[in-house]
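With PDB, C-alpha atoms inside, this is work_16.pdb:
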```
ATOM      1  CA  PHE A   1     -14.916   5.027 -21.986
ATOM      2  CA  ARG A   2     -15.544   4.210 -25.652
ATOM      3  CA  THR A   3     -19.256   5.058 -25.280
ATOM      4  CA  VAL A   4     -18.522   8.343 -23.496
ATOM      5  CA  VAL A   5     -15.817   9.536 -25.903
ATOM      6  CA  MET A   6     -17.905   8.721 -28.988
ATOM      7  CA  ALA A   7     -20.842  10.657 -27.518
ATOM      8  CA  ALA A   8     -18.515  13.614 -26.829
ATOM      9  CA  PHE A   9     -17.128  13.453 -30.371
ATOM     10  CA  LEU A  10     -20.602  13.508 -31.945
ATOM     11  CA  GLU A  11     -21.709  16.331 -29.646
ATOM     12  CA  LYS A  12     -18.656  18.381 -30.642
ATOM     13  CA  HIS A  13     -19.322  18.007 -34.379
ATOM     14  CA  ASN A  14     -23.131  17.973 -34.258
ATOM     15  CA  ASN A  15     -23.670  21.629 -35.235
ATOM     16  CA  GLU A  16     -20.756  22.026 -37.628
ATOM     17  CA  GLY A  17     -21.558  22.626 -41.257
ATOM     18  CA  THR A  18     -18.545  20.654 -42.466
ATOM     19  CA  ASP A  19     -18.362  16.926 -42.855
ATOM     20  CA  VAL A  20     -17.731  15.055 -39.646
ATOM     21  CA  PRO A  21     -14.195  13.609 -39.722
ATOM     22  CA  HIS A  22     -13.774   9.864 -39.444
ATOM     23  CA  PHE A  23     -13.067   8.735 -35.909
ATOM     24  CA  ASN A  24     -13.563   5.650 -33.798
ATOM     25  CA  ALA A  25     -12.293   5.088 -30.294
ATOM     26  CA  SER A  26      -9.969   2.229 -31.129
ATOM     27  CA  ASP A  27      -7.996   0.242 -28.572
ATOM     28  CA  GLY A  28      -4.886   2.125 -29.711
ATOM     29  CA  PHE A  29      -6.559   5.508 -29.163
ATOM     30  CA  ILE A  30      -7.674   4.452 -25.683
ATOM     31  CA  ASP A  31      -4.155   3.237 -24.785
ATOM     32  CA  ASP A  32      -2.647   6.530 -25.978
ATOM     33  CA  PHE A  33      -5.269   8.539 -24.074
ATOM     34  CA  LYS A  34      -4.518   6.670 -20.840
ATOM     35  CA  LYS A  35      -0.760   7.165 -21.200
ATOM     36  CA  THR A  36      -1.120  10.860 -22.047
ATOM     37  CA  HIS A  37      -3.372  11.616 -19.086
ATOM     38  CA  GLY A  38      -1.739   9.316 -16.514
ATOM     39  CA  PHE A  39      -4.413   6.632 -16.228
ATOM     40  CA  THR A  40      -3.930   2.906 -15.782
ATOM     41  CA  SER A  41      -6.299  -0.055 -15.494
ATOM     42  CA  ARG A  42      -6.502  -1.541 -11.999
ATOM     43  CA  LYS A  43      -8.636  -4.187 -10.347
ATOM     44  CA  PRO A  44     -11.107  -2.407  -8.031
ATOM     45  CA  HIS A  45     -12.507  -3.618  -4.727
ATOM     46  CA  TYR A  46     -16.251  -3.529  -4.231
ATOM     47  CA  LYS A  47     -17.196  -1.134  -1.466
ATOM     48  CA  ARG A  48     -20.528  -0.061  -0.093
ATOM     49  CA  ARG A  49     -21.100   3.648   0.115
ATOM     50  CA  SER A  50     -20.101   4.953   3.528
ATOM     51  CA  PRO A  51     -23.168   5.417   5.764
ATOM     52  CA  SER A  52     -21.229   7.811   7.988
ATOM     53  CA  LYS A  53     -22.289  11.429   7.858
ATOM     54  CA  PRO A  54     -19.579  14.014   7.015
ATOM     55  CA  GLU A  55     -19.894  15.695  10.404
ATOM     56  CA  PHE A  56     -19.369  12.338  12.145
ATOM     57  CA  VAL A  57     -16.272  11.682  10.028
ATOM     58  CA  GLU A  58     -14.867  15.120  10.917
ATOM     59  CA  ALA A  59     -15.521  14.475  14.594
ATOM     60  CA  TRP A  60     -13.648  11.160  14.304
ATOM     61  CA  LYS A  61     -10.647  12.856  12.686
ATOM     62  CA  LYS A  62     -10.483  15.474  15.432
ATOM     63  CA  GLU A  63     -10.830  12.752  18.069
ATOM     64  CA  MET A  64      -7.859  10.850  16.661
ATOM     65  CA  GLU A  65      -5.772  14.006  16.236
ATOM     66  CA  GLY A  66      -6.309  14.675  19.937
ATOM     67  CA  VAL A  67      -5.274  11.123  20.860
ATOM     68  CA  LEU A  68      -2.113  11.296  18.741
ATOM     69  CA  GLU A  69      -1.138  14.622  20.300
ATOM     70  CA  SER A  70      -1.678  13.628  23.925
ATOM     71  CA  VAL A  71      -1.140   9.846  24.262
ATOM     72  CA  PRO A  72       2.201   7.978  24.063
ATOM     73  CA  ARG A  73       2.491   6.044  20.802
ATOM     74  CA  SER A  74       2.982   2.772  22.697
ATOM     75  CA  HIS A  75      -0.436   3.220  24.345
ATOM     76  CA  ILE A  76      -2.317   3.530  21.015
ATOM     77  CA  LEU A  77      -3.268   0.197  19.431
ATOM     78  CA  ASN A  78      -5.082  -0.927  16.308
ATOM     79  CA  CYS A  79      -6.823  -4.304  16.089
ATOM     80  CA  ASP A  80      -8.565  -6.013  13.200
ATOM     81  CA  GLU A  81      -9.802  -9.499  12.349
ATOM     82  CA  THR A  82      -8.981 -11.316   9.150
ATOM     83  CA  SER A  83     -10.181 -14.639   7.807
ATOM     84  CA  TRP A  84      -7.135 -16.820   7.120
ATOM     85  CA  LYS A  85      -7.925 -19.432   4.461
ATOM     86  CA  LEU A  86      -6.098 -22.759   4.692
ATOM     87  CA  TYR A  87      -5.843 -22.844   0.895
ATOM     88  CA  PRO A  88      -4.922 -19.247   0.000
ATOM     89  CA  ASN A  89      -6.806 -17.254  -2.610
ATOM     90  CA  GLY A  90      -5.001 -15.836  -5.619
ATOM     91  CA  LEU A  91      -2.805 -18.817  -6.530
ATOM     92  CA  LEU A  92      -2.074 -19.147 -10.251
ATOM     93  CA  THR A  93      -1.501 -22.246 -12.381
ATOM     94  CA  TRP A  94      -0.555 -22.894 -16.006
ATOM     95  CA  ALA A  95      -3.278 -23.938 -18.448
ATOM     96  CA  ASP A  96      -3.701 -24.284 -22.191
ATOM     97  CA  CYS A  97      -4.620 -21.062 -23.974
ATOM     98  CA  GLY A  98      -8.387 -20.763 -24.238
ATOM     99  CA  SER A  99      -8.976 -23.182 -21.357
ATOM    100  CA  GLN A 100     -12.237 -22.787 -19.496
ATOM    101  CA  ASN A 101     -13.066 -23.678 -15.881
ATOM    102  CA  VAL A 102      -9.470 -24.453 -14.847
ATOM    103  CA  GLN A 103      -9.514 -26.625 -11.718
ATOM    104  CA  ILE A 104      -6.997 -28.007  -9.230
ATOM    105  CA  ARG A 105      -7.831 -31.026  -7.099
ATOM    106  CA  ILE A 106      -6.996 -30.666  -3.415
ATOM    107  CA  ASP A 107      -6.977 -32.945  -0.401
ATOM    108  CA  GLY A 108      -9.055 -30.835   1.968
ATOM    109  CA  ASP A 109     -11.829 -28.237   2.277
ATOM    110  CA  GLU A 110     -11.088 -25.103   0.238
ATOM    111  CA  LYS A 111     -13.639 -23.065   2.236
ATOM    112  CA  MET A 112     -12.082 -23.732   5.631
ATOM    113  CA  SER A 113     -10.550 -20.736   7.379
ATOM    114  CA  ILE A 114      -9.387 -19.471  10.768
ATOM    115  CA  THR A 115     -10.236 -16.097  12.277
ATOM    116  CA  ALA A 116      -7.128 -14.255  13.435
ATOM    117  CA  LEU A 117      -7.265 -10.925  15.262
ATOM    118  CA  ALA A 118      -4.032  -8.949  14.945
ATOM    119  CA  THR A 119      -2.888  -5.990  17.040
ATOM    120  CA  ILE A 120      -0.219  -3.384  16.296
ATOM    121  CA  GLY A 121       0.955  -0.418  18.303
ATOM    122  CA  CYS A 122       1.316   3.107  16.971
ATOM    123  CA  ASP A 123       4.998   2.746  17.906
ATOM    124  CA  GLY A 124       5.348  -0.116  15.384
ATOM    125  CA  VAL A 125       5.316  -2.964  17.912
ATOM    126  CA  LYS A 126       3.530  -6.193  16.936
ATOM    127  CA  TRP A 127       1.384  -7.651  19.713
ATOM    128  CA  PRO A 128       0.542 -11.378  19.927
ATOM    129  CA  LEU A 129      -2.152 -12.700  17.643
ATOM    130  CA  PHE A 130      -5.561 -13.730  19.000
ATOM    131  CA  ILE A 131      -6.644 -16.821  17.058
ATOM    132  CA  LEU A 132     -10.104 -18.403  17.177
ATOM    133  CA  ALA A 133     -10.947 -22.092  16.842
ATOM    134  CA  LYS A 134     -14.419 -23.361  15.966
ATOM    135  CA  GLY A 135     -16.227 -25.462  18.555
ATOM    136  CA  LYS A 136     -17.873 -25.665  21.948
ATOM    137  CA  THR A 137     -15.010 -26.494  24.322
ATOM    138  CA  ASN A 138     -11.387 -25.569  24.988
ATOM    139  CA  ARG A 139     -10.276 -28.837  23.410
ATOM    140  CA  VAL A 140     -10.832 -27.485  19.888
ATOM    141  CA  GLU A 141      -8.125 -24.891  20.464
ATOM    142  CA  THR A 142      -5.560 -27.664  20.956
ATOM    143  CA  SER A 143      -6.858 -29.930  18.208
ATOM    144  CA  GLN A 144      -7.307 -27.202  15.579
ATOM    145  CA  LEU A 145      -4.579 -24.689  16.375
ATOM    146  CA  GLY A 146      -1.836 -26.808  17.874
ATOM    147  CA  ASP A 147       1.178 -25.083  19.390
ATOM    148  CA  ILE A 148       0.834 -21.303  19.032
ATOM    149  CA  SER A 149       3.301 -20.383  21.766
ATOM    150  CA  GLY A 150       3.561 -16.652  22.298
ATOM    151  CA  HIS A 151       0.087 -16.010  20.923
ATOM    152  CA  MET A 152      -3.439 -16.129  22.357
ATOM    153  CA  SER A 153      -6.407 -18.318  21.486
ATOM    154  CA  ASP A 154     -10.106 -18.762  22.188
ATOM    155  CA  HIS A 155     -13.044 -20.539  20.556
ATOM    156  CA  SER A 156     -16.636 -19.913  19.550
ATOM    157  CA  ARG A 157     -19.333 -22.098  18.029
ATOM    158  CA  SER A 158     -19.151 -20.256  14.719
ATOM    159  CA  GLY A 159     -15.402 -19.674  14.688
ATOM    160  CA  TRP A 160     -16.094 -15.934  14.411
ATOM    161  CA  MET A 161     -15.621 -13.156  16.945
ATOM    162  CA  THR A 162     -18.370 -12.908  19.557
ATOM    163  CA  VAL A 163     -19.000 -10.619  22.512
ATOM    164  CA  GLU A 164     -17.475 -13.168  24.897
ATOM    165  CA  THR A 165     -14.353 -13.804  22.808
ATOM    166  CA  PHE A 166     -13.789 -10.073  22.303
ATOM    167  CA  LYS A 167     -14.090  -9.476  26.054
ATOM    168  CA  HIS A 168     -11.496 -12.224  26.548
ATOM    169  CA  TYR A 169      -9.254 -10.476  24.008
ATOM    170  CA  LEU A 170      -9.554  -7.154  25.861
ATOM    171  CA  SER A 171      -8.642  -8.837  29.152
ATOM    172  CA  LYS A 172      -5.576 -10.420  27.553
ATOM    173  CA  LEU A 173      -4.606  -7.061  26.098
ATOM    174  CA  ARG A 174      -4.693  -5.491  29.541
ATOM    175  CA  GLU A 175      -2.553  -8.323  30.941
ATOM    176  CA  LEU A 176       0.055  -7.858  28.214
ATOM    177  CA  ALA A 177       0.430  -4.134  28.839
ATOM    178  CA  ASP A 178       3.327  -3.353  31.182
ATOM    179  CA  HIS A 179       1.539  -0.364  32.749
ATOM    180  CA  GLU A 180      -1.817   0.616  34.259
ATOM    181  CA  GLU A 181      -2.308   3.722  32.119
ATOM    182  CA  PRO A 182      -5.183   3.887  29.625
ATOM    183  CA  LEU A 183      -4.854   1.905  26.400
ATOM    184  CA  HIS A 184      -6.460   3.458  23.342
ATOM    185  CA  LEU A 185      -7.805   0.808  20.976
ATOM    186  CA  VAL A 186      -8.771   1.702  17.394
ATOM    187  CA  CYS A 187     -11.126  -0.840  15.812
ATOM    188  CA  ASP A 188     -14.007  -1.129  13.363
ATOM    189  CA  VAL A 189     -17.720  -1.099  14.143
ATOM    190  CA  TYR A 190     -18.203  -4.877  13.959
ATOM    191  CA  PRO A 191     -21.232  -5.576  16.216
ATOM    192  CA  ALA A 192     -19.280  -7.732  18.704
ATOM    193  CA  HIS A 193     -16.880  -4.804  19.310
ATOM    194  CA  ARG A 194     -19.386  -2.237  20.472
ATOM    195  CA  THR A 195     -22.136  -3.753  22.574
ATOM    196  CA  PRO A 196     -22.849  -2.083  25.953
ATOM    197  CA  GLU A 197     -21.408  -5.198  27.622
ATOM    198  CA  VAL A 198     -18.126  -4.869  25.736
ATOM    199  CA  ARG A 199     -17.918  -1.115  26.337
ATOM    200  CA  GLN A 200     -18.454  -1.597  30.070
ATOM    201  CA  HIS A 201     -15.807  -4.334  30.167
ATOM    202  CA  ALA A 202     -13.330  -2.097  28.302
ATOM    203  CA  GLU A 203     -13.998   0.768  30.718
ATOM    204  CA  GLN A 204     -13.317  -1.496  33.691
ATOM    205  CA  LEU A 205      -9.992  -2.472  32.105
ATOM    206  CA  ASN A 206      -9.074   1.169  31.457
ATOM    207  CA  ILE A 207      -9.227   0.651  27.678
ATOM    208  CA  VAL A 208     -10.611   3.534  25.614
ATOM    209  CA  MET A 209     -12.355   2.353  22.420
ATOM    210  CA  HIS A 210     -12.184   4.413  19.225
ATOM    211  CA  PHE A 211     -14.495   3.177  16.457
ATOM    212  CA  ILE A 212     -13.573   3.839  12.829
ATOM    213  CA  PRO A 213     -16.574   5.286  10.934
ATOM    214  CA  ALA A 214     -18.530   2.638   9.035
ATOM    215  CA  GLY A 215     -17.388   2.122   5.459
ATOM    216  CA  LEU A 216     -14.033   3.837   5.949
ATOM    217  CA  THR A 217     -11.812   1.049   7.297
ATOM    218  CA  ASP A 218     -10.026   0.821   3.948
ATOM    219  CA  LYS A 219      -8.806   4.383   4.579
ATOM    220  CA  TRP A 220      -8.227   4.543   8.351
ATOM    221  CA  GLN A 221      -7.673   0.929   9.417
ATOM    222  CA  PRO A 222      -3.843   0.523   9.397
ATOM    223  CA  LEU A 223      -3.901  -3.290   9.512
ATOM    224  CA  ASP A 224      -6.349  -3.412   6.620
ATOM    225  CA  CYS A 225      -4.486  -0.775   4.583
ATOM    226  CA  LYS A 226      -0.874  -1.849   4.980
ATOM    227  CA  VAL A 227      -0.426  -5.182   6.765
ATOM    228  CA  PHE A 228      -2.851  -7.972   5.928
ATOM    229  CA  GLY A 229      -2.255  -7.832   2.168
ATOM    230  CA  CYS A 230       1.519  -8.189   2.667
ATOM    231  CA  MET A 231       1.035 -11.038   5.161
ATOM    232  CA  LYS A 232      -1.217 -13.017   2.830
ATOM    233  CA  ALA A 233       1.100 -12.487  -0.146
ATOM    234  CA  THR A 234       3.940 -13.897   1.969
ATOM    235  CA  ALA A 235       1.690 -16.781   3.047
ATOM    236  CA  ARG A 236       1.020 -17.662  -0.604
ATOM    237  CA  ARG A 237       4.763 -17.845  -1.291
ATOM    238  CA  VAL A 238       5.312 -20.022   1.793
ATOM    239  CA  PHE A 239       2.432 -22.270   0.730
ATOM    240  CA  ARG A 240       3.853 -22.739  -2.780
ATOM    241  CA  THR A 241       7.313 -23.485  -1.368
ATOM    242  CA  ALA A 242       5.884 -26.021   1.074
ATOM    243  CA  HIS A 243       4.019 -27.869  -1.692
ATOM    244  CA  PRO A 244       6.296 -27.764  -4.754
ATOM    245  CA  VAL A 245       4.799 -30.920  -6.300
ATOM    246  CA  GLY A 246       1.331 -29.421  -6.530
ATOM    247  CA  LEU A 247      -1.759 -28.770  -4.463
ATOM    248  CA  SER A 248      -3.098 -32.284  -5.004
ATOM    249  CA  ALA A 249      -0.449 -33.450  -2.516
ATOM    250  CA  ALA A 250      -1.187 -30.618  -0.036
ATOM    251  CA  ARG A 251      -3.094 -31.803   2.989
ATOM    252  CA  ALA A 252      -4.026 -28.606   4.832
ATOM    253  CA  THR A 253      -5.825 -28.802   8.160
ATOM    254  CA  LYS A 254      -6.429 -26.259  10.874
TER     255      LYS A 254
END
```

Just give me the structure as structure tokens.
Amino acid sequence: FRTVVMAAFLEKHNNEGTDVPHFNASDGFIDDFKKTHGFTSRKPHYKRRSPSKPEFVEAWKKEMEGVLESVPRSHILNCDETSWKLYPNGLLTWADCGSQNVQIRIDGDEKMSITALATIGCDGVKWPLFILAKGKTNRVETSQLGDISGHMSDHSRSGWMTVETFKHYLSKLRELADHEEPLHLVCDVYPAHRTPEVRQHAEQLNIVMHFIPAGLTDKWQPLDCKVFGCMKATARRVFRTAHPVGLSAARATK
């Protein structure tokens, strides 16, 4: 901003015959400018430019308007995966002013996470979670996830969603529905969601897939926009409460 406003100032006074008045874009000037014009400084999220063409985006909007007008709210679902870190991001600690490279020692692997797929209905109903363990056999679901009564689980070698685990999720979704009418599922274009095999399986289950245009999930993915951030903020508070003596005493496992 300082570079732009100084260039504008010099351009404005470049052809004037009078002396150029003294001006520099001080921190105080910038603060006043922001307050006057309703700006504030916020942390941005990095986002790739949307590869979706405008006509495709318009077609998507019309598609969803048609669904919302003609389908019962309870039959419209949104699903989305999130990576749930055992040691949550965004925790703060006290440190001496001017400290560099502030560290906290932990008793565990700070990179370890669990993939959780959440589902919500357009009527506001929360559906059971679908949680993935990492491994080759069913045993890892018991050893890593423990008792998750009321929710669903599966496993994959990577711990991430695959074609097979997503097909299992769709089957479970159909079982949980208390009717045989079509379910409309809104999800992103993650590769495992949209293979011909998955689409055929969804069709057999009477589940209609609606794929959010690439690069626009932050705008039209309800779970991403309004739910996951709140859940993880709550999880950080629970984590701090559970380990009041410090993270060095926190033994977090799957």

Non-local contacts of A:Gln144 (12 Å; only C-alpha atoms; under 2 positions in same chain excluded) as a VMD selection string: chain A and resid 86 112 to 115 131 to 135 137 to 142 146 to 148 153 to 155 159 252 to 254

Would you write out those residues with C-alpha atoms, as a PDB file, in the frame of the given file?
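Wrote selection-v7.pdb, looks like this:
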```pdb
ATOM      1  CA  LEU A  86      -6.098 -22.759   4.692  1.00  0.00           C
ATOM      2  CA  MET A 112     -12.082 -23.732   5.631  1.00  0.00           C
ATOM      3  CA  SER A 113     -10.550 -20.736   7.379  1.00  0.00           C
ATOM      4  CA  ILE A 114      -9.387 -19.471  10.768  1.00  0.00           C
ATOM      5  CA  THR A 115     -10.236 -16.097  12.277  1.00  0.00           C
ATOM      6  CA  ILE A 131      -6.644 -16.821  17.058  1.00  0.00           C
ATOM      7  CA  LEU A 132     -10.104 -18.403  17.177  1.00  0.00           C
ATOM      8  CA  ALA A 133     -10.947 -22.092  16.842  1.00  0.00           C
ATOM      9  CA  LYS A 134     -14.419 -23.361  15.966  1.00  0.00           C
ATOM     10  CA  GLY A 135     -16.227 -25.462  18.555  1.00  0.00           C
ATOM     11  CA  THR A 137     -15.010 -26.494  24.322  1.00  0.00           C
ATOM     12  CA  ASN A 138     -11.387 -25.569  24.988  1.00  0.00           C
ATOM     13  CA  ARG A 139     -10.276 -28.837  23.410  1.00  0.00           C
ATOM     14  CA  VAL A 140     -10.832 -27.485  19.888  1.00  0.00           C
ATOM     15  CA  GLU A 141      -8.125 -24.891  20.464  1.00  0.00           C
ATOM     16  CA  THR A 142      -5.560 -27.664  20.956  1.00  0.00           C
ATOM     17  CA  GLY A 146      -1.836 -26.808  17.874  1.00  0.00           C
ATOM     18  CA  ASP A 147       1.178 -25.083  19.390  1.00  0.00           C
ATOM     19  CA  ILE A 148       0.834 -21.303  19.032  1.00  0.00           C
ATOM     20  CA  SER A 153      -6.407 -18.318  21.486  1.00  0.00           C
ATOM     21  CA  ASP A 154     -10.106 -18.762  22.188  1.00  0.00           C
ATOM     22  CA  HIS A 155     -13.044 -20.539  20.556  1.00  0.00           C
ATOM     23  CA  GLY A 159     -15.402 -19.674  14.688  1.00  0.00           C
ATOM     24  CA  ALA A 252      -4.026 -28.606   4.832  1.00  0.00           C
ATOM     25  CA  THR A 253      -5.825 -28.802   8.160  1.00  0.00           C
ATOM     26  CA  LYS A 254      -6.429 -26.259  10.874  1.00  0.00           C
TER      27      LYS A 254
END
```

Evaluate the PyMOL selection byres ((chain A and resi 191) around 12) and report residues as a ChimeraX atom specification: /A:160-163,166,187-190,192-199,211,214

Keeping C-alpha atoms for every residue in the selection just given, could you write it to a file as a PDB file, keeping the file's coordinate frame?
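Okay, out-v6.pdb is ready:
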```pdb
ATOM      1  CA  TRP A 160     -16.094 -15.934  14.411  1.00  0.00           C
ATOM      2  CA  MET A 161     -15.621 -13.156  16.945  1.00  0.00           C
ATOM      3  CA  THR A 162     -18.370 -12.908  19.557  1.00  0.00           C
ATOM      4  CA  VAL A 163     -19.000 -10.619  22.512  1.00  0.00           C
ATOM      5  CA  PHE A 166     -13.789 -10.073  22.303  1.00  0.00           C
ATOM      6  CA  CYS A 187     -11.126  -0.840  15.812  1.00  0.00           C
ATOM      7  CA  ASP A 188     -14.007  -1.129  13.363  1.00  0.00           C
ATOM      8  CA  VAL A 189     -17.720  -1.099  14.143  1.00  0.00           C
ATOM      9  CA  TYR A 190     -18.203  -4.877  13.959  1.00  0.00           C
ATOM     10  CA  ALA A 192     -19.280  -7.732  18.704  1.00  0.00           C
ATOM     11  CA  HIS A 193     -16.880  -4.804  19.310  1.00  0.00           C
ATOM     12  CA  ARG A 194     -19.386  -2.237  20.472  1.00  0.00           C
ATOM     13  CA  THR A 195     -22.136  -3.753  22.574  1.00  0.00           C
ATOM     14  CA  PRO A 196     -22.849  -2.083  25.953  1.00  0.00           C
ATOM     15  CA  GLU A 197     -21.408  -5.198  27.622  1.00  0.00           C
ATOM     16  CA  VAL A 198     -18.126  -4.869  25.736  1.00  0.00           C
ATOM     17  CA  ARG A 199     -17.918  -1.115  26.337  1.00  0.00           C
ATOM     18  CA  PHE A 211     -14.495   3.177  16.457  1.00  0.00           C
ATOM     19  CA  ALA A 214     -18.530   2.638   9.035  1.00  0.00           C
TER      20      ALA A 214
END
```

Computed interatomic separation between atom CA of A:Gly90 and atom CA of A:Lys232 (Å): 9.7 Å

Is it possible to get the axis-aligned box enclosing stretch 131-142 of chain A (all listed atoms, 3 Å extra per side) as lines of an AutoDock Vina configuration file, with centre and edge lengths in Å rounded to one decimal?
```
center_x = -11.7
center_y = -22.8
center_z = 20.5
size_x = 18.3
size_y = 18.0
size_z = 15.0
```

Output of the PyMOL selection byres ((chain A and resi 125) around 12), listed as a PyMOL selection string: chain A and resi 73-78+118-124+126-128

Polymer residues at most 7 Å from stretch 216-223 of chain A, all atoms listed in the file, same-chain spacing of 3 or more positions, as a PyMOL selection string: chain A and resi 50+80+188+212-213+226-228

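Computed from the coordinates, the atom CA of A:Phe33 to atom CA of A:Val20 distance equals 21.0 Å.
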
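With atom CA of A:Leu145 on one side and atom CA of A:Ala177 on the other, the separation reads 24.6 Å.
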
Residue nearest A:Glu181 - candidates A:Leu129, A:Val208, A:Ala242, A:Val5, atoms counted: only C-alpha atoms: A:Val208

I'd like the residues picked by the PyMOL selection byres ((chain A and resi 206) around 12) written out as a PDB file with C-alpha atoms, keeping the file's coordinate frame, using the chain letters and numbers from the file.
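As a result, out27.pdb now contains:
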```pdb
ATOM      1  CA  HIS A  75      -0.436   3.220  24.345  1.00  0.00           C
ATOM      2  CA  LEU A 170      -9.554  -7.154  25.861  1.00  0.00           C
ATOM      3  CA  SER A 171      -8.642  -8.837  29.152  1.00  0.00           C
ATOM      4  CA  LEU A 173      -4.606  -7.061  26.098  1.00  0.00           C
ATOM      5  CA  ARG A 174      -4.693  -5.491  29.541  1.00  0.00           C
ATOM      6  CA  GLU A 175      -2.553  -8.323  30.941  1.00  0.00           C
ATOM      7  CA  ALA A 177       0.430  -4.134  28.839  1.00  0.00           C
ATOM      8  CA  HIS A 179       1.539  -0.364  32.749  1.00  0.00           C
ATOM      9  CA  GLU A 180      -1.817   0.616  34.259  1.00  0.00           C
ATOM     10  CA  GLU A 181      -2.308   3.722  32.119  1.00  0.00           C
ATOM     11  CA  PRO A 182      -5.183   3.887  29.625  1.00  0.00           C
ATOM     12  CA  LEU A 183      -4.854   1.905  26.400  1.00  0.00           C
ATOM     13  CA  HIS A 184      -6.460   3.458  23.342  1.00  0.00           C
ATOM     14  CA  LEU A 185      -7.805   0.808  20.976  1.00  0.00           C
ATOM     15  CA  ARG A 199     -17.918  -1.115  26.337  1.00  0.00           C
ATOM     16  CA  GLN A 200     -18.454  -1.597  30.070  1.00  0.00           C
ATOM     17  CA  HIS A 201     -15.807  -4.334  30.167  1.00  0.00           C
ATOM     18  CA  ALA A 202     -13.330  -2.097  28.302  1.00  0.00           C
ATOM     19  CA  GLU A 203     -13.998   0.768  30.718  1.00  0.00           C
ATOM     20  CA  GLN A 204     -13.317  -1.496  33.691  1.00  0.00           C
ATOM     21  CA  LEU A 205      -9.992  -2.472  32.105  1.00  0.00           C
ATOM     22  CA  ILE A 207      -9.227   0.651  27.678  1.00  0.00           C
ATOM     23  CA  VAL A 208     -10.611   3.534  25.614  1.00  0.00           C
ATOM     24  CA  MET A 209     -12.355   2.353  22.420  1.00  0.00           C
TER      25      MET A 209
END
```
